[in-house]
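For reference, the structure discussed in these notes is given below.
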Amino acid sequence: MTRSARRTRRMLQVTGAGAAALLALSACSSSSDSSDASSSPKSGSSASSSPKLSGTVTVFAAASLKESFTTLGTEFEKEHPGTKVSFNFAGSDSLAASITGGAPADVFAAASPKTMAIVTDKKDAVGTPATFVRNQLEIATLPGNPDKVSSLKDLTKSGLKVVLCDKTVPCGAAAQKALDASILKLTPVSYEQDVKSALTKVELKEADAAVVYRTDVKAAGDKVEGVEFPESAKAINDYPIVLLKNAPNAEAAKAFIALVQSAEGSKVLTEAGFLKP
Amino acid sequence: MTRLDPSDTAPDTLVGGPRRGRVRRPGVPLPLLLPALAGLAFLLLPLIALLLRAPWRTLPDQLTGPEVWQALKLSLVSATAATAVSLVLGVPLAWLLARTDFPGRGLVRALVTLPLVLPPVVGGVALLLALGRNGVVGRWLNAWFGITLPFTTAGVVVAEAFVAMPFLVISVEGTLRAADPRYEEAATTLGASRFTAFRRVTLPLIAPGIAAGAVLAWARALGEFGATITFAGNFPGRTQTMPLAVYLALQNDPEAAIALSLVLLAVSIAVLAGLRDRWMTAS
């Protein structure tokens, strides 16, 4: 009898470990950066009664916001001692997919209204998303601009290796819009899966030029040189931000959104190269 | 791995073992059965979900687009080319590891298998730094011969061969170790050169192992994503293989992504099922 009892107990341990492994796996699949979110106190209701903010704010933000939002997160933690801002930076599409899939996030900042619509259509957001910045395209060339690129048309020169973002991601859709507006036909060597990988190909000197965001050129420092082009005005991306319905820490999340929209937040964002809405 | 060894005694025990077991039929211990079933479900569930969620009604439309065939054709051609590269370079490498003794062989073997565990994206970055237009070796390829690998179909083959070749090397090396070297020695004492002995004696002896390794390498190359998109980029008809097409379709058209995944799944199953019984089990 004792043996069978021991056997079942051991079996429970085994299946328990298996279940834990499965849970860990599924947690990993949603996001890697938000892993601290699970350790945050579930203080949604208690925090609303007290004016003092606490706990972790989990922010899902477009990859292009990485530098400026990280700065704002540090700022927020300084202003509200006891809080922690945890970021998950990725492509807006995949972030939207994890939010509609039930990822525990408080705030969503997307790189395009289209990706934001994925979340609002599923009624996972509170209220209407607010546009807080806009981003414009720029041509990234090799340092010193050896190919003398000065316009979008110059990119169609033969022998020039140009990479674009794929049309399925926001930066690619914007680039296509700018090309269509100027009736140019551009055959790139590659349609990259996101704006950062397009930029990387130029940073590594594998491509001669890429059409990316102004903010990315700025963040890359002197590894690339930026060339502005007038057609980019026809393809400006709006960045919306919203509080999520199932936010575990709604009060602190509201305060973070307020910081992003404040004069202070706008200063950090414009310094990174974003335009005011 | 032991299944790959064409040793003489193994098949007998394999046949004899289960038959005797079937008569007595010992009960399967529950602590083994439950995790085993959970493991089976864990591996199969995603594939079943793919079948359940497949847009069967619109599937014909999804799959008749020229891009799909372009991507599938490129996948099949590049995976086959990568397997060929792996065979030409990998079989001699496996022979070197299995049949010769040199200092640091253990380290070399570990390094050879590194791409197995390396994240493919890291492999892609490493390939860019080595063979890219501005890479350590690629710079000279470009300056001397005007060859640049990134953004070309050849680049896809290179990326796929990089991640697939270790599978072949491991498989062939295992087979070589199990094969009796005395046949080769006999051949050399009868006057054959070492290369002739390898060609006429060793190769036929280890053919099943080579075939198994080639199938593994081909399947791995077919599914390659990270190194390809990092090193070769993504351009329809030139570097866009099926996994890349699936990933990008997922960004804005999940149904198309499911449809493309089904094609890749069907091709992989067909090849693995068709060849497994023939090559993977020693006869």
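Following the order of the structure tokens, first chain is A, next is B, and so on, with residues numbered from 1 inside each chain and ligands from 1 in the order they appear.
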**Request:** Define the interface residues of chain A facing chain B as those within 6 Å, counting only C-alpha atoms, and report them as a PyMOL selection string.
**Result:** chain A and resi 11+168+189-191+206
**Request:** Enumerate as a PyMOL selection string all residues of range 102-227 of chain A assigned to strand (DSSP E or B) by DSSP on the backbone, naming them with the chain letters and numbers the document uses.
**Result:** chain A and resi 107-109+125-135+137-141+162-165+190-192+209-213+225-227
The selected residues should be written to file as a CSV table (one decimal), in the first residue's frame (atoms: N, CA, C and O atoms).
chain,number,residue,atom,x,y,z
A,107,VAL,N,-0.1,48.5,-21.5
A,107,VAL,CA,-0.1,49.5,-22.5
A,107,VAL,C,0.4,49.0,-23.8
A,107,VAL,O,1.3,48.1,-23.9
A,108,PHE,N,-0.2,49.4,-24.9
A,108,PHE,CA,0.3,49.0,-26.3
A,108,PHE,C,0.5,50.3,-27.1
A,108,PHE,O,-0.3,51.2,-27.2
A,109,ALA,N,1.8,50.4,-27.6
A,109,ALA,CA,2.1,51.5,-28.5
A,109,ALA,C,2.6,50.9,-29.8
A,109,ALA,O,3.5,50.2,-29.8
A,125,ALA,N,-8.9,47.0,-26.0
A,125,ALA,CA,-8.4,48.3,-25.6
A,125,ALA,C,-9.5,49.1,-24.8
A,125,ALA,O,-10.7,48.8,-25.0
A,126,VAL,N,-9.0,50.1,-24.0
A,126,VAL,CA,-10.0,50.9,-23.3
A,126,VAL,C,-9.9,52.3,-24.0
A,126,VAL,O,-8.9,52.9,-24.1
A,127,GLY,N,-11.1,52.7,-24.5
A,127,GLY,CA,-11.1,54.0,-25.2
A,127,GLY,C,-10.5,54.0,-26.5
A,127,GLY,O,-10.2,53.0,-27.1
A,128,THR,N,-10.3,55.2,-27.1
A,128,THR,CA,-9.8,55.4,-28.4
A,128,THR,C,-8.2,55.6,-28.3
A,128,THR,O,-7.8,56.4,-27.5
A,129,PRO,N,-7.5,54.9,-29.2
A,129,PRO,CA,-6.0,55.1,-29.2
A,129,PRO,C,-5.7,56.5,-29.5
A,129,PRO,O,-6.4,57.1,-30.4
A,130,ALA,N,-4.7,57.1,-28.9
A,130,ALA,CA,-4.2,58.4,-29.2
A,130,ALA,C,-2.9,58.4,-30.0
A,130,ALA,O,-2.0,57.7,-29.6
A,131,THR,N,-2.9,59.2,-31.1
A,131,THR,CA,-1.6,59.3,-31.8
A,131,THR,C,-0.7,60.2,-31.0
A,131,THR,O,-1.0,61.3,-30.7
A,132,PHE,N,0.5,59.7,-30.7
A,132,PHE,CA,1.4,60.5,-29.8
A,132,PHE,C,2.6,60.9,-30.6
A,132,PHE,O,3.3,61.9,-30.2
A,133,VAL,N,3.1,60.2,-31.6
A,133,VAL,CA,4.1,60.7,-32.5
A,133,VAL,C,3.9,60.2,-33.9
A,133,VAL,O,3.0,59.4,-34.2
A,134,ARG,N,4.6,60.8,-34.8
A,134,ARG,CA,4.6,60.3,-36.2
A,134,ARG,C,6.0,60.1,-36.6
A,134,ARG,O,7.0,60.7,-36.1
A,135,ASN,N,6.2,59.2,-37.6
A,135,ASN,CA,7.5,58.9,-38.1
A,135,ASN,C,7.6,59.0,-39.6
A,135,ASN,O,6.7,58.6,-40.3
A,137,LEU,N,9.9,58.5,-43.3
A,137,LEU,CA,11.0,57.7,-43.9
A,137,LEU,C,12.2,58.5,-44.3
A,137,LEU,O,12.1,59.7,-44.5
A,138,GLU,N,13.3,57.9,-44.3
A,138,GLU,CA,14.5,58.5,-44.8
A,138,GLU,C,15.3,57.4,-45.5
A,138,GLU,O,15.2,56.2,-45.2
A,139,ILE,N,16.3,57.8,-46.4
A,139,ILE,CA,17.1,56.8,-47.0
A,139,ILE,C,18.4,56.7,-46.1
A,139,ILE,O,19.0,57.7,-45.8
A,140,ALA,N,18.8,55.5,-45.8
A,140,ALA,CA,20.0,55.3,-45.1
A,140,ALA,C,21.0,54.8,-46.1
A,140,ALA,O,20.8,53.9,-46.8
A,141,THR,N,22.2,55.5,-46.2
A,141,THR,CA,23.2,55.1,-47.1
A,141,THR,C,24.5,54.8,-46.3
A,141,THR,O,24.5,55.1,-45.1
A,162,VAL,N,19.9,47.9,-53.0
A,162,VAL,CA,18.9,48.6,-52.1
A,162,VAL,C,18.1,47.6,-51.4
A,162,VAL,O,17.7,46.6,-52.0
A,163,VAL,N,17.9,47.7,-50.1
A,163,VAL,CA,16.9,46.8,-49.4
A,163,VAL,C,15.7,47.7,-48.9
A,163,VAL,O,15.9,48.8,-48.5
A,164,LEU,N,14.6,47.1,-49.1
A,164,LEU,CA,13.3,47.7,-48.6
A,164,LEU,C,12.8,46.8,-47.5
A,164,LEU,O,13.1,45.6,-47.4
A,165,CYS,N,11.8,47.3,-46.7
A,165,CYS,CA,11.1,46.4,-45.8
A,165,CYS,C,10.0,45.7,-46.6
A,165,CYS,O,9.6,46.3,-47.7
A,190,SER,N,16.4,42.8,-51.7
A,190,SER,CA,15.7,42.0,-50.6
A,190,SER,C,14.6,42.8,-50.0
A,190,SER,O,14.7,44.0,-49.9
A,191,TYR,N,13.5,42.1,-49.6
A,191,TYR,CA,12.5,42.7,-48.8
A,191,TYR,C,12.6,42.2,-47.4
A,191,TYR,O,12.3,41.0,-47.1
A,192,GLU,N,13.2,43.0,-46.5
A,192,GLU,CA,13.5,42.6,-45.2
A,192,GLU,C,12.2,42.5,-44.3
A,192,GLU,O,11.2,43.1,-44.5
A,209,ALA,N,22.0,50.9,-49.8
A,209,ALA,CA,21.0,51.9,-49.2
A,209,ALA,C,19.8,51.1,-48.8
A,209,ALA,O,19.6,50.0,-49.2
A,210,ALA,N,19.1,51.7,-47.8
A,210,ALA,CA,17.8,51.1,-47.4
A,210,ALA,C,16.8,52.3,-47.1
A,210,ALA,O,17.3,53.4,-46.8
A,211,VAL,N,15.6,52.0,-47.3
A,211,VAL,CA,14.5,53.0,-46.9
A,211,VAL,C,14.0,52.6,-45.5
A,211,VAL,O,13.4,51.6,-45.4
A,212,VAL,N,14.4,53.4,-44.5
A,212,VAL,CA,14.0,53.1,-43.1
A,212,VAL,C,13.4,54.4,-42.5
A,212,VAL,O,13.2,55.4,-43.2
A,213,TYR,N,13.1,54.4,-41.2
A,213,TYR,CA,12.6,55.6,-40.6
A,213,TYR,C,13.7,56.5,-40.2
A,213,TYR,O,14.9,56.1,-39.9
A,225,GLU,N,24.4,57.1,-43.1
A,225,GLU,CA,24.2,58.5,-43.3
A,225,GLU,C,22.7,58.6,-43.9
A,225,GLU,O,22.3,57.9,-44.7
A,226,GLY,N,22.0,59.6,-43.3
A,226,GLY,CA,20.6,59.7,-43.7
A,226,GLY,C,20.4,60.7,-44.8
A,226,GLY,O,21.1,61.7,-44.9
A,227,VAL,N,19.5,60.4,-45.8
A,227,VAL,CA,19.2,61.3,-46.9
A,227,VAL,C,17.7,61.5,-46.8
A,227,VAL,O,16.9,60.5,-47.0
**Fill in**
Using only C-alpha atoms, the best pick from A:Ser158, A:Asn145, A:Asn88, A:Ser266 as closest to Asp222 in chain A would be A:Asn145
**Prompt:** Leaving out Glu255 in chain B and any residue of its chain fewer than 5 positions from it, which residues lie within 12 Å of it when counting only C-alpha atoms, given as a PyMOL selection string?
**Reply:** chain B and resi 50-51+53-59+61-63+246-250+260-262
Selection file, N, CA and C atoms, as a PDB file, in the first residue's frame:
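Heads up, here's the output in selection32.pdb:
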ATOM      1  N   LEU B  50      -2.978  23.007 -36.930  1.00  0.00           N
ATOM      2  CA  LEU B  50      -2.739  23.538 -38.273  1.00  0.00           C
ATOM      3  C   LEU B  50      -3.768  22.975 -39.251  1.00  0.00           C
ATOM      4  N   LEU B  51      -4.034  21.672 -39.116  1.00  0.00           N
ATOM      5  CA  LEU B  51      -5.004  21.039 -40.009  1.00  0.00           C
ATOM      6  C   LEU B  51      -6.424  21.533 -39.722  1.00  0.00           C
ATOM      7  N   ARG B  53      -7.361  24.417 -38.373  1.00  0.00           N
ATOM      8  CA  ARG B  53      -7.584  25.819 -38.699  1.00  0.00           C
ATOM      9  C   ARG B  53      -7.333  26.143 -40.167  1.00  0.00           C
ATOM     10  N   ALA B  54      -6.959  25.143 -40.935  1.00  0.00           N
ATOM     11  CA  ALA B  54      -6.628  25.400 -42.337  1.00  0.00           C
ATOM     12  C   ALA B  54      -7.862  25.906 -43.094  1.00  0.00           C
ATOM     13  N   PRO B  55      -7.682  26.920 -43.903  1.00  0.00           N
ATOM     14  CA  PRO B  55      -8.805  27.444 -44.690  1.00  0.00           C
ATOM     15  C   PRO B  55      -9.071  26.560 -45.897  1.00  0.00           C
ATOM     16  N   TRP B  56      -9.657  25.378 -45.632  1.00  0.00           N
ATOM     17  CA  TRP B  56      -9.782  24.368 -46.694  1.00  0.00           C
ATOM     18  C   TRP B  56     -10.526  24.893 -47.908  1.00  0.00           C
ATOM     19  N   ARG B  57     -11.569  25.747 -47.644  1.00  0.00           N
ATOM     20  CA  ARG B  57     -12.395  26.182 -48.766  1.00  0.00           C
ATOM     21  C   ARG B  57     -11.631  27.102 -49.720  1.00  0.00           C
ATOM     22  N   THR B  58     -10.821  27.995 -49.129  1.00  0.00           N
ATOM     23  CA  THR B  58     -10.103  28.932 -49.991  1.00  0.00           C
ATOM     24  C   THR B  58      -8.715  28.415 -50.343  1.00  0.00           C
ATOM     25  N   LEU B  59      -8.422  27.192 -49.888  1.00  0.00           N
ATOM     26  CA  LEU B  59      -7.079  26.647 -50.075  1.00  0.00           C
ATOM     27  C   LEU B  59      -6.639  26.615 -51.547  1.00  0.00           C
ATOM     28  N   ASP B  61      -7.411  28.506 -53.973  1.00  0.00           N
ATOM     29  CA  ASP B  61      -7.055  29.855 -54.414  1.00  0.00           C
ATOM     30  C   ASP B  61      -5.732  30.291 -53.813  1.00  0.00           C
ATOM     31  N   GLN B  62      -5.560  29.958 -52.525  1.00  0.00           N
ATOM     32  CA  GLN B  62      -4.345  30.378 -51.826  1.00  0.00           C
ATOM     33  C   GLN B  62      -3.102  29.767 -52.458  1.00  0.00           C
ATOM     34  N   LEU B  63      -3.277  28.544 -52.961  1.00  0.00           N
ATOM     35  CA  LEU B  63      -2.096  27.804 -53.397  1.00  0.00           C
ATOM     36  C   LEU B  63      -1.826  27.881 -54.891  1.00  0.00           C
ATOM     37  N   VAL B 246       6.165  31.911 -45.496  1.00  0.00           N
ATOM     38  CA  VAL B 246       5.218  31.662 -44.403  1.00  0.00           C
ATOM     39  C   VAL B 246       5.329  32.768 -43.358  1.00  0.00           C
ATOM     40  N   TYR B 247       6.555  33.092 -42.975  1.00  0.00           N
ATOM     41  CA  TYR B 247       6.764  34.094 -41.927  1.00  0.00           C
ATOM     42  C   TYR B 247       6.194  35.443 -42.346  1.00  0.00           C
ATOM     43  N   LEU B 248       6.452  35.845 -43.578  1.00  0.00           N
ATOM     44  CA  LEU B 248       5.989  37.162 -44.005  1.00  0.00           C
ATOM     45  C   LEU B 248       4.488  37.184 -44.248  1.00  0.00           C
ATOM     46  N   ALA B 249       3.947  36.050 -44.694  1.00  0.00           N
ATOM     47  CA  ALA B 249       2.497  35.995 -44.885  1.00  0.00           C
ATOM     48  C   ALA B 249       1.779  36.142 -43.545  1.00  0.00           C
ATOM     49  N   LEU B 250       2.412  35.629 -42.500  1.00  0.00           N
ATOM     50  CA  LEU B 250       1.804  35.669 -41.173  1.00  0.00           C
ATOM     51  C   LEU B 250       1.601  37.107 -40.699  1.00  0.00           C
ATOM     52  N   LEU B 260       0.362  27.956 -46.713  1.00  0.00           N
ATOM     53  CA  LEU B 260       1.746  27.683 -47.099  1.00  0.00           C
ATOM     54  C   LEU B 260       2.379  26.663 -46.156  1.00  0.00           C
ATOM     55  N   SER B 261       2.058  26.785 -44.862  1.00  0.00           N
ATOM     56  CA  SER B 261       2.604  25.837 -43.895  1.00  0.00           C
ATOM     57  C   SER B 261       2.164  24.419 -44.225  1.00  0.00           C
ATOM     58  N   LEU B 262       0.893  24.279 -44.656  1.00  0.00           N
ATOM     59  CA  LEU B 262       0.385  22.949 -44.993  1.00  0.00           C
ATOM     60  C   LEU B 262       1.196  22.323 -46.119  1.00  0.00           C
TER      61      LEU B 262
END
**Request:** Compare A:Ala105, A:Ala175, A:Ala90, A:Val224 by their minimum atom-to-atom distance to Leu142 in chain A, counting only C-alpha atoms, and give me the closest one.
**Result:** A:Val224
**Prompt:** What separation in Å, quoted to one decimal, exists between CA of Ser112 in chain A and CA of Tyr239 in chain A?
**Reply:** 5.4 Å
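The list of residues with at least one atom within 8 Å of Tyr183 in chain B, based on only C-alpha atoms and without residues fewer than 4 positions apart in the same chain, reads Ala187, Val201 and Thr202 of chain B.
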Suppose we keep N, CA, C and O atoms; can you now write the selection as a PDB file, in the first residue's frame?
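Contents of again_8.pdb, as written:
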ATOM      1  N   ALA B 187      41.284  -4.757 -48.161  1.00  0.00           N
ATOM      2  CA  ALA B 187      41.373  -4.237 -49.520  1.00  0.00           C
ATOM      3  C   ALA B 187      42.752  -3.636 -49.781  1.00  0.00           C
ATOM      4  O   ALA B 187      43.335  -3.852 -50.852  1.00  0.00           O
ATOM      5  N   VAL B 201      35.021  -0.028 -51.172  1.00  0.00           N
ATOM      6  CA  VAL B 201      34.636  -0.852 -50.013  1.00  0.00           C
ATOM      7  C   VAL B 201      33.835  -0.051 -48.978  1.00  0.00           C
ATOM      8  O   VAL B 201      32.712  -0.390 -48.622  1.00  0.00           O
ATOM      9  N   THR B 202      34.442   1.063 -48.533  1.00  0.00           N
ATOM     10  CA  THR B 202      33.813   1.805 -47.446  1.00  0.00           C
ATOM     11  C   THR B 202      32.487   2.411 -47.880  1.00  0.00           C
ATOM     12  O   THR B 202      31.471   2.276 -47.189  1.00  0.00           O
TER      13      THR B 202
END
**Request:** Choose the residue, out of B:Val136, B:Val267, B:Ala207, B:Ala214, that has the smallest atom-to-atom separation from Ser86 in chain B; count only C-alpha atoms.
**Result:** B:Ala214
**Request:** Write out as JSON, numbers by chain each polymer residue whose atoms come within 8 Å of Ile118 in chain A, counting only C-alpha atoms; drop sequence neighbours fewer than 5 positions from it.
**Result:** {"A": [96, 97, 100]}
**Complete:** One decimal place gives the CA of Leu176 in chain B-CA of Trp95 in chain B separation as 7.1 Å
**Request:** Could you please write out, as a VMD selection string, every residue of range 89-218 of chain B that DSSP assigns to helix (DSSP H, G or I)?
**Result:** chain B and resid 89 to 99 105 to 112 114 to 117 120 to 131 138 to 145 153 to 178 182 to 189 194 to 218
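When only C-alpha atoms are used to compute distances to Gln136 in chain A, the closest of the residues A:Ala61, A:Ile236, A:Ala252, A:Ala272 turns out to be A:Ile236.
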**Message:** Need the shell around Ala247 in chain A: protein/DNA/RNA residues with any atom at most 9 Å away, counting only C-alpha atoms. Skip same-chain ones fewer than 5 positions apart. Format as a VMD selection string?
**Reply:** chain A and resid 44 57 to 58 104 to 107 253
Store the residues picked out above, limited to all heavy atoms, as a PDB file, in the first residue's frame.
ATOM      1  N   GLY A  44      -4.347  45.666  -9.441  1.00  0.00           N
ATOM      2  CA  GLY A  44      -5.254  46.488 -10.243  1.00  0.00           C
ATOM      3  C   GLY A  44      -6.298  47.195  -9.408  1.00  0.00           C
ATOM      4  O   GLY A  44      -6.509  48.409  -9.538  1.00  0.00           O
ATOM      5  N   VAL A  57       4.507  48.138 -14.552  1.00  0.00           N
ATOM      6  CA  VAL A  57       3.727  48.478 -15.746  1.00  0.00           C
ATOM      7  C   VAL A  57       4.351  47.726 -16.910  1.00  0.00           C
ATOM      8  O   VAL A  57       5.547  47.847 -17.158  1.00  0.00           O
ATOM      9  CB  VAL A  57       3.802  49.989 -16.056  1.00  0.00           C
ATOM     10  CG1 VAL A  57       2.819  50.338 -17.162  1.00  0.00           C
ATOM     11  CG2 VAL A  57       3.540  50.801 -14.818  1.00  0.00           C
ATOM     12  N   THR A  58       3.538  46.932 -17.595  1.00  0.00           N
ATOM     13  CA  THR A  58       4.066  46.193 -18.731  1.00  0.00           C
ATOM     14  C   THR A  58       3.667  46.902 -20.021  1.00  0.00           C
ATOM     15  O   THR A  58       2.481  47.037 -20.314  1.00  0.00           O
ATOM     16  CB  THR A  58       3.542  44.755 -18.728  1.00  0.00           C
ATOM     17  OG1 THR A  58       3.813  44.198 -17.442  1.00  0.00           O
ATOM     18  CG2 THR A  58       4.210  43.935 -19.793  1.00  0.00           C
ATOM     19  N   PRO A 104      -0.404  39.331 -20.728  1.00  0.00           N
ATOM     20  CA  PRO A 104      -0.724  40.276 -19.664  1.00  0.00           C
ATOM     21  C   PRO A 104       0.038  41.593 -19.846  1.00  0.00           C
ATOM     22  O   PRO A 104       1.116  41.768 -19.328  1.00  0.00           O
ATOM     23  CB  PRO A 104      -0.270  39.554 -18.401  1.00  0.00           C
ATOM     24  CG  PRO A 104       0.814  38.648 -18.863  1.00  0.00           C
ATOM     25  CD  PRO A 104       0.565  38.315 -20.297  1.00  0.00           C
ATOM     26  N   ALA A 105      -0.556  42.531 -20.595  1.00  0.00           N
ATOM     27  CA  ALA A 105       0.097  43.809 -20.850  1.00  0.00           C
ATOM     28  C   ALA A 105      -0.805  44.940 -20.395  1.00  0.00           C
ATOM     29  O   ALA A 105      -2.031  44.787 -20.323  1.00  0.00           O
ATOM     30  CB  ALA A 105       0.413  43.941 -22.333  1.00  0.00           C
ATOM     31  N   ASP A 106      -0.194  46.087 -20.049  1.00  0.00           N
ATOM     32  CA  ASP A 106      -0.955  47.256 -19.608  1.00  0.00           C
ATOM     33  C   ASP A 106      -1.126  48.282 -20.722  1.00  0.00           C
ATOM     34  O   ASP A 106      -2.166  48.907 -20.853  1.00  0.00           O
ATOM     35  CB  ASP A 106      -0.235  47.925 -18.432  1.00  0.00           C
ATOM     36  CG  ASP A 106      -0.183  47.035 -17.211  1.00  0.00           C
ATOM     37  OD1 ASP A 106      -1.261  46.744 -16.665  1.00  0.00           O
ATOM     38  OD2 ASP A 106       0.914  46.602 -16.814  1.00  0.00           O
ATOM     39  N   VAL A 107      -0.059  48.475 -21.497  1.00  0.00           N
ATOM     40  CA  VAL A 107      -0.055  49.537 -22.508  1.00  0.00           C
ATOM     41  C   VAL A 107       0.402  48.951 -23.839  1.00  0.00           C
ATOM     42  O   VAL A 107       1.284  48.091 -23.872  1.00  0.00           O
ATOM     43  CB  VAL A 107       0.907  50.676 -22.091  1.00  0.00           C
ATOM     44  CG1 VAL A 107       0.958  51.758 -23.166  1.00  0.00           C
ATOM     45  CG2 VAL A 107       0.496  51.278 -20.759  1.00  0.00           C
ATOM     46  N   ALA A 253      -0.430  52.370 -15.473  1.00  0.00           N
ATOM     47  CA  ALA A 253      -0.383  52.411 -16.931  1.00  0.00           C
ATOM     48  C   ALA A 253      -0.876  53.755 -17.450  1.00  0.00           C
ATOM     49  O   ALA A 253      -0.282  54.339 -18.360  1.00  0.00           O
ATOM     50  CB  ALA A 253      -1.223  51.274 -17.507  1.00  0.00           C
TER      51      ALA A 253
END
